[in-house]
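Student: Quick one: this structure, given as structure tokens, is what I'll be asking you about.
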Amino acid sequence: MSQHTILWADDEIDLLKPHVMFLKNKGYDVVTVNNGADALALVQERHFDLIILDENMPGLTGLETLSRIKIHAPGIPVIMITKSEEENIMDQAVGSKIADYLIKPVNPNQILLSIKKNLHSSELVSAQSSTGYRQDFGKITSLINDSYTIGDWMDTYRTLTRWELELASSATDMEQLLELQKTEANAAFAKFIKRNYADWMKPECPGRPLMSPDIFRSKVFPLLDSGEKVFFVLIDNFRFDQWRVIRPILSEWFTTDDDLYCSILPTATQYARNAIFSGLMPREIERMFPDLWVDEESPEGKNINESPLIATLFDRFRRKCRFSYHKINDSVAGERLLRDFATLEQNDLNVVVFNFIDMLSHARTESKMIRELASNNAAYRSLTESWFRHSTVSELFRRIAEKGYKIILTTDHGTIRVDNPIRVVGEKNTNTNIRYKLGRNLNYNPKQVYEVTRPADFGLPAPNVSTTYIFAANRDFFAYPNNYNHYVQFFTGTFQHGGISMEEMLVPIITLTAK
């Protein structure tokens with residue numbers, strides 16, 4: 001560890017010489033003064049990495065010195081030491097954002113521990129994270145190789161996400177190795193999906209996971225049956241790692257029951273979200289409610305009938321439920337929803353869809369500035385956290401918690417950062433999504449895609465008798481040969497959805513119970 005300079009102000013500093021020598025022997029440069037005024041003068045003259053302040057000094061007290069230091073050097077961590085155990089002094093110190101608070105008598109190791117916590121925590125965490133991940137590397141490889149069920153894959157994905165978040169929060173050289181391991185896992189996951197997905201479409205399949213059409217029956221109906229008022233909040237494009245970064249925000253108001261479910265294919269809003277709200281696979285929606293299904297070729301919005309689809313779900317199960325539906329695309333709509341909160345309380349169920357992350361994903365593709373702001377997964381998570389913390393969605397959750405209502409928080413699909421183009425050729429009216437394609441006469445390498453030639457067996461509509469669906473896996477995306485280089489450059493590094501990956505298919509569903 002490089003040498004750090006510490007300022008220690010205490011009117012009894014001569015009695016603390018053994019403590020000072022102990023710190024110097026540990027490699028710290030310790031400058032001492034016996035009053036607050038001298039401490040303040042030194043802070044104005046030179047840089048210190050950390051300051052130790054005695055609270056009870058003649059002249060300027062420790063708290064007074066602290067407040068003035070915060071004006072001149074607000075970023076320096078301050079450890080306050082005091083003889084007093086009075087709660088109001090602790091409150092003032094903590095309220096002034098001190099780094100630590102120690103009560104005399106203190107021994108040298110107490111002070112050393114506090115210094116390490118404030119000056120070296122990132123180095124120590126990084127070292128420990130690197131060591132921990134190295135030790136777990138072999139276990140994760142075994143998890144990947146031994147994942148035979150969807151539950152196994154969910155455990156594998158949770159483990160990889162935990163390490164991704166831990167390594168991202170500390171400066172280590174392990175991120176690249178983890179990224180390679182995630183790529184290996186997604187390649188194996190794609191093979192698992194290709195082997196099992198068709199079977200999941202069959203009635204009463206024993207290994208079928210909870211999927212998009214099951215959400216209301218499995219998660220919402222039981223809460224309504226028990227007399228709960230329920231808010232069903234769907235955040236579009238919301239991945240498990242993004243949930244993990246906003247969970248600490250919500251933990252102040254809620255206890256959480258975290259789970260994952262499996263999105264249907266394509267992992268796209270038109271298919272997956274409509275399946276959630278209707279309780280049906282897309283082909284069944286098209287067959288039973290043709291006026292509510294919008295084909296790929298239609299210029300209409302693909303999710304304009306979500307509220308009517310929810311109504312059909314309750315009608316089919318002969319359930320009476322007073323519900324509302326709201327789609328929030330901007331802050332104005334969010335503020336309007338908050339103003340109408342008293343009206344929402346009259347309903348049994350309130351469905352709220354937030355489109356911010358989906359808009360962020362699309363904006364990142366189109367805007368160079370947004371690409372810079374969300375250049376990688378860590379930055380993407382950070383923007384999600386900032387939005388959640390400062391937008392109307394956070395206030396909505398707080399109000400729901402105050403009233404004691406239940407929340408089901410989920411998404412329709414996740415998203416993945418793509419970087420490997422695959423050539424595909426299609427007719428003029430082939431859909432534009434770059435993670436899945438459907439159409440006639442598609443030209444592609446079948447070894448590079450998941451190919452569905454009988455859409456009906458997969459619960460998918462077929463606009464034509466010869467319609468084929470193809471899905472990209474891992475971090476692949478489809479590119480047309482025409483103007484190929486421009487197309488590849490435009491989409492490489494963007495966040496996309498529609499295909500097969502853990503990030504897109506294994507998505508969070510959380511029950512939030514007010515504390």
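Residue numbering restarts at 1 in every chain; chains get A, B, ... in the order shown in the structure tokens, and ligands count up from 1 in that same order.
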Could you give me, as a list in words, each residue of stretch 146-250 of chain A that DSSP assigns to strand (DSSP E) when run on this structure's backbone?
Tutor: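 Matching residues, listed in order: Val230, Phe231, Phe232, Val233, Leu234 and Ile235 of chain A.
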Student: Please write the residues from the selection above to a file, keeping C-alpha atoms, as a PDB file, in the first residue's frame.
Tutor:
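Wrote part.pdb, looks like this:
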```pdb
ATOM      1  CA  VAL A 230     -52.234  -5.781  -5.895  1.00  0.00           C
ATOM      2  CA  PHE A 231     -50.042  -3.579  -8.072  1.00  0.00           C
ATOM      3  CA  PHE A 232     -48.586  -5.470 -11.019  1.00  0.00           C
ATOM      4  CA  VAL A 233     -45.592  -3.415 -12.159  1.00  0.00           C
ATOM      5  CA  LEU A 234     -43.847  -4.427 -15.369  1.00  0.00           C
ATOM      6  CA  ILE A 235     -40.582  -2.716 -16.317  1.00  0.00           C
TER       7      ILE A 235
END
```
Student: Would you mind listing what lies within 10 Å of A:Ile310 as a list in words, with only C-alpha atoms counted and same-chain residues fewer than 2 positions away left out?
Tutor: Phe216, Asn274, Ala275, Ile276, Phe277, Ser278, Gly279, Asn305, Glu306, Ser307, Pro308, Thr312, Leu313, Phe314, Asp315, Phe323, Ser324, Tyr325 and Val351 of chain A
Student: Which one of A:Arg417, A:His390, A:Arg423, A:His4 sits closest to A:Ile249 if you count only C-alpha atoms?
Tutor: A:His390
Student: State, in Å with one decimal place, the distance from atom CA of A:Pro58 to atom CA of A:Lys104.
Tutor: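 So the answer is 17.2 Å.
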Student: So which residues of stretch 206-290 of chain A fall under helix (DSSP H, G or I) by DSSP, listed as a short mmCIF file (atom, residue, chain, number, x, y, z; two decimals) with N, CA, C and O atoms, in the first residue's frame?
Tutor:
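Ended up saving to out_35.cif:
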```cif
data_model
loop_
_atom_site.label_atom_id
_atom_site.label_comp_id
_atom_site.auth_asym_id
_atom_site.auth_seq_id
_atom_site.Cartn_x
_atom_site.Cartn_y
_atom_site.Cartn_z
N SER A 212 -44.15 -17.06 -19.50
CA SER A 212 -44.91 -15.82 -19.63
C SER A 212 -46.42 -15.98 -19.46
O SER A 212 -47.04 -15.22 -18.70
N PRO A 213 -47.07 -16.95 -20.12
CA PRO A 213 -48.53 -17.06 -19.98
C PRO A 213 -49.00 -17.49 -18.60
O PRO A 213 -50.19 -17.39 -18.30
N ASP A 214 -48.08 -17.97 -17.75
CA ASP A 214 -48.45 -18.49 -16.43
C ASP A 214 -48.44 -17.44 -15.33
O ASP A 214 -48.87 -17.72 -14.20
N ILE A 215 -47.93 -16.26 -15.61
CA ILE A 215 -47.62 -15.30 -14.55
C ILE A 215 -48.85 -14.89 -13.76
O ILE A 215 -48.85 -14.92 -12.52
N PHE A 216 -49.92 -14.50 -14.43
CA PHE A 216 -51.09 -14.03 -13.71
C PHE A 216 -51.72 -15.15 -12.88
O PHE A 216 -52.08 -14.96 -11.72
N ARG A 217 -51.84 -16.35 -13.46
CA ARG A 217 -52.46 -17.45 -12.74
C ARG A 217 -51.62 -17.88 -11.53
O ARG A 217 -52.16 -18.23 -10.48
N SER A 218 -50.29 -17.82 -11.68
CA SER A 218 -49.42 -18.29 -10.60
C SER A 218 -49.12 -17.25 -9.54
O SER A 218 -48.96 -17.57 -8.36
N LYS A 219 -49.04 -16.00 -9.94
CA LYS A 219 -48.58 -14.95 -9.03
C LYS A 219 -49.65 -13.95 -8.62
O LYS A 219 -49.68 -13.50 -7.47
N VAL A 220 -50.53 -13.59 -9.54
CA VAL A 220 -51.51 -12.52 -9.26
C VAL A 220 -52.79 -13.09 -8.68
O VAL A 220 -53.30 -12.59 -7.66
N PHE A 221 -53.35 -14.14 -9.30
CA PHE A 221 -54.63 -14.68 -8.83
C PHE A 221 -54.61 -15.09 -7.36
O PHE A 221 -55.56 -14.77 -6.62
N PRO A 222 -53.56 -15.78 -6.87
CA PRO A 222 -53.57 -16.16 -5.45
C PRO A 222 -53.62 -14.96 -4.50
O PRO A 222 -54.28 -15.03 -3.45
N LEU A 223 -52.95 -13.87 -4.85
CA LEU A 223 -52.99 -12.68 -4.00
C LEU A 223 -54.38 -12.05 -4.00
O LEU A 223 -54.89 -11.64 -2.96
N LEU A 224 -55.01 -11.99 -5.17
CA LEU A 224 -56.36 -11.44 -5.25
C LEU A 224 -57.34 -12.32 -4.47
O LEU A 224 -58.23 -11.81 -3.78
N ASP A 225 -57.14 -13.63 -4.56
CA ASP A 225 -58.03 -14.56 -3.85
C ASP A 225 -57.93 -14.40 -2.34
O ASP A 225 -58.88 -14.67 -1.60
N PHE A 240 -32.18 -9.35 -14.56
CA PHE A 240 -31.96 -9.75 -13.17
C PHE A 240 -30.88 -8.90 -12.51
O PHE A 240 -30.99 -8.53 -11.34
N ASP A 241 -29.80 -8.58 -13.24
CA ASP A 241 -28.74 -7.76 -12.63
C ASP A 241 -29.24 -6.35 -12.34
O ASP A 241 -28.83 -5.73 -11.35
N GLN A 242 -30.16 -5.85 -13.16
CA GLN A 242 -30.73 -4.53 -12.89
C GLN A 242 -31.63 -4.57 -11.65
O GLN A 242 -31.66 -3.61 -10.87
N TRP A 243 -32.36 -5.66 -11.49
CA TRP A 243 -33.13 -5.82 -10.26
C TRP A 243 -32.22 -5.80 -9.04
O TRP A 243 -32.51 -5.16 -8.03
N ARG A 244 -31.09 -6.47 -9.14
CA ARG A 244 -30.19 -6.56 -7.99
C ARG A 244 -29.66 -5.19 -7.55
O ARG A 244 -29.39 -4.99 -6.37
N VAL A 245 -29.51 -4.24 -8.48
CA VAL A 245 -28.99 -2.93 -8.08
C VAL A 245 -30.07 -2.02 -7.53
O VAL A 245 -29.77 -1.06 -6.81
N ILE A 246 -31.37 -2.30 -7.83
CA ILE A 246 -32.41 -1.46 -7.24
C ILE A 246 -33.02 -2.10 -6.00
O ILE A 246 -33.73 -1.44 -5.25
N ARG A 247 -32.70 -3.37 -5.75
CA ARG A 247 -33.25 -4.04 -4.57
C ARG A 247 -32.90 -3.30 -3.28
O ARG A 247 -33.77 -3.16 -2.40
N PRO A 248 -31.66 -2.81 -3.08
CA PRO A 248 -31.36 -2.08 -1.83
C PRO A 248 -32.23 -0.85 -1.64
O PRO A 248 -32.54 -0.48 -0.49
N ILE A 249 -32.64 -0.21 -2.73
CA ILE A 249 -33.51 0.97 -2.61
C ILE A 249 -34.87 0.56 -2.04
O ILE A 249 -35.40 1.20 -1.14
N LEU A 250 -35.40 -0.54 -2.55
CA LEU A 250 -36.73 -0.98 -2.13
C LEU A 250 -36.73 -1.67 -0.77
O LEU A 250 -37.77 -1.77 -0.13
N THR A 269 -41.31 -7.75 -26.93
CA THR A 269 -42.50 -7.21 -26.27
C THR A 269 -43.78 -7.71 -26.91
O THR A 269 -44.72 -8.11 -26.22
N GLN A 270 -43.86 -7.70 -28.23
CA GLN A 270 -45.09 -8.10 -28.91
C GLN A 270 -45.54 -9.49 -28.51
O GLN A 270 -46.73 -9.75 -28.35
N TYR A 271 -44.60 -10.39 -28.32
CA TYR A 271 -44.92 -11.77 -28.01
C TYR A 271 -44.99 -12.00 -26.50
O TYR A 271 -45.99 -12.48 -25.97
N ALA A 272 -43.90 -11.69 -25.80
CA ALA A 272 -43.79 -12.05 -24.39
C ALA A 272 -44.76 -11.27 -23.51
O ALA A 272 -45.40 -11.83 -22.62
N ARG A 273 -44.89 -9.95 -23.74
CA ARG A 273 -45.76 -9.17 -22.87
C ARG A 273 -47.23 -9.49 -23.14
O ARG A 273 -48.04 -9.60 -22.22
N ASN A 274 -47.60 -9.65 -24.41
CA ASN A 274 -48.98 -10.03 -24.71
C ASN A 274 -49.32 -11.39 -24.13
O ASN A 274 -50.46 -11.64 -23.73
N ALA A 275 -48.32 -12.29 -24.07
CA ALA A 275 -48.55 -13.60 -23.46
C ALA A 275 -48.80 -13.46 -21.97
O ALA A 275 -49.64 -14.17 -21.39
N ILE A 276 -48.09 -12.56 -21.30
CA ILE A 276 -48.31 -12.34 -19.87
C ILE A 276 -49.72 -11.85 -19.62
O ILE A 276 -50.45 -12.38 -18.77
N PHE A 277 -50.14 -10.81 -20.36
CA PHE A 277 -51.41 -10.16 -20.06
C PHE A 277 -52.63 -10.97 -20.53
O PHE A 277 -53.73 -10.79 -20.00
N SER A 278 -52.43 -11.85 -21.49
CA SER A 278 -53.56 -12.67 -21.97
C SER A 278 -53.60 -14.04 -21.32
O SER A 278 -54.64 -14.70 -21.32
N PRO A 282 -48.83 -16.67 -28.15
CA PRO A 282 -49.20 -15.76 -29.24
C PRO A 282 -50.14 -16.37 -30.28
O PRO A 282 -51.06 -15.70 -30.76
N ARG A 283 -49.92 -17.63 -30.64
CA ARG A 283 -50.79 -18.25 -31.65
C ARG A 283 -52.23 -18.34 -31.13
O ARG A 283 -53.19 -18.15 -31.89
N GLU A 284 -52.40 -18.60 -29.84
CA GLU A 284 -53.74 -18.67 -29.28
C GLU A 284 -54.41 -17.30 -29.26
O GLU A 284 -55.62 -17.18 -29.47
N ILE A 285 -53.61 -16.25 -29.00
CA ILE A 285 -54.16 -14.89 -29.04
C ILE A 285 -54.67 -14.60 -30.44
O ILE A 285 -55.81 -14.12 -30.63
N GLU A 286 -53.84 -14.89 -31.44
CA GLU A 286 -54.23 -14.62 -32.83
C GLU A 286 -55.49 -15.40 -33.21
O GLU A 286 -56.37 -14.89 -33.91
N ARG A 287 -55.59 -16.64 -32.74
CA ARG A 287 -56.73 -17.49 -33.12
C ARG A 287 -58.00 -17.09 -32.37
O ARG A 287 -59.08 -17.01 -32.96
N MET A 288 -57.88 -16.83 -31.07
CA MET A 288 -59.07 -16.56 -30.25
C MET A 288 -59.50 -15.09 -30.30
O MET A 288 -60.70 -14.79 -30.20
#
```
Student: Find the residues near stretch 330-339 of chain A: any atom within 9 Å, counting only C-alpha atoms, skip ones fewer than 3 places away on the same chain, and give them as a list in words.
Tutor: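 Answer for this query is His326, Lys327, Ala342, Thr343, Leu344, Phe354, Asn355, Phe356, Ser391, Thr392, Val393, Glu395, Leu396 and Arg399 of chain A.
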Student: Let me make sure I understand: among A:Tyr444, A:Trp387, A:Trp163, A:Tyr261, which one has the smallest atom-to-atom distance to A:Ser129 if we use only C-alpha atoms?
Tutor: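 Answer, going by the shortest atom-to-atom distance: A:Trp163.
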Student: Which of these, A:Val33, A:Val78, A:Ala472, A:Leu165, has the shortest distance to A:Asp14 once you count only C-alpha atoms?
Tutor: A:Val33
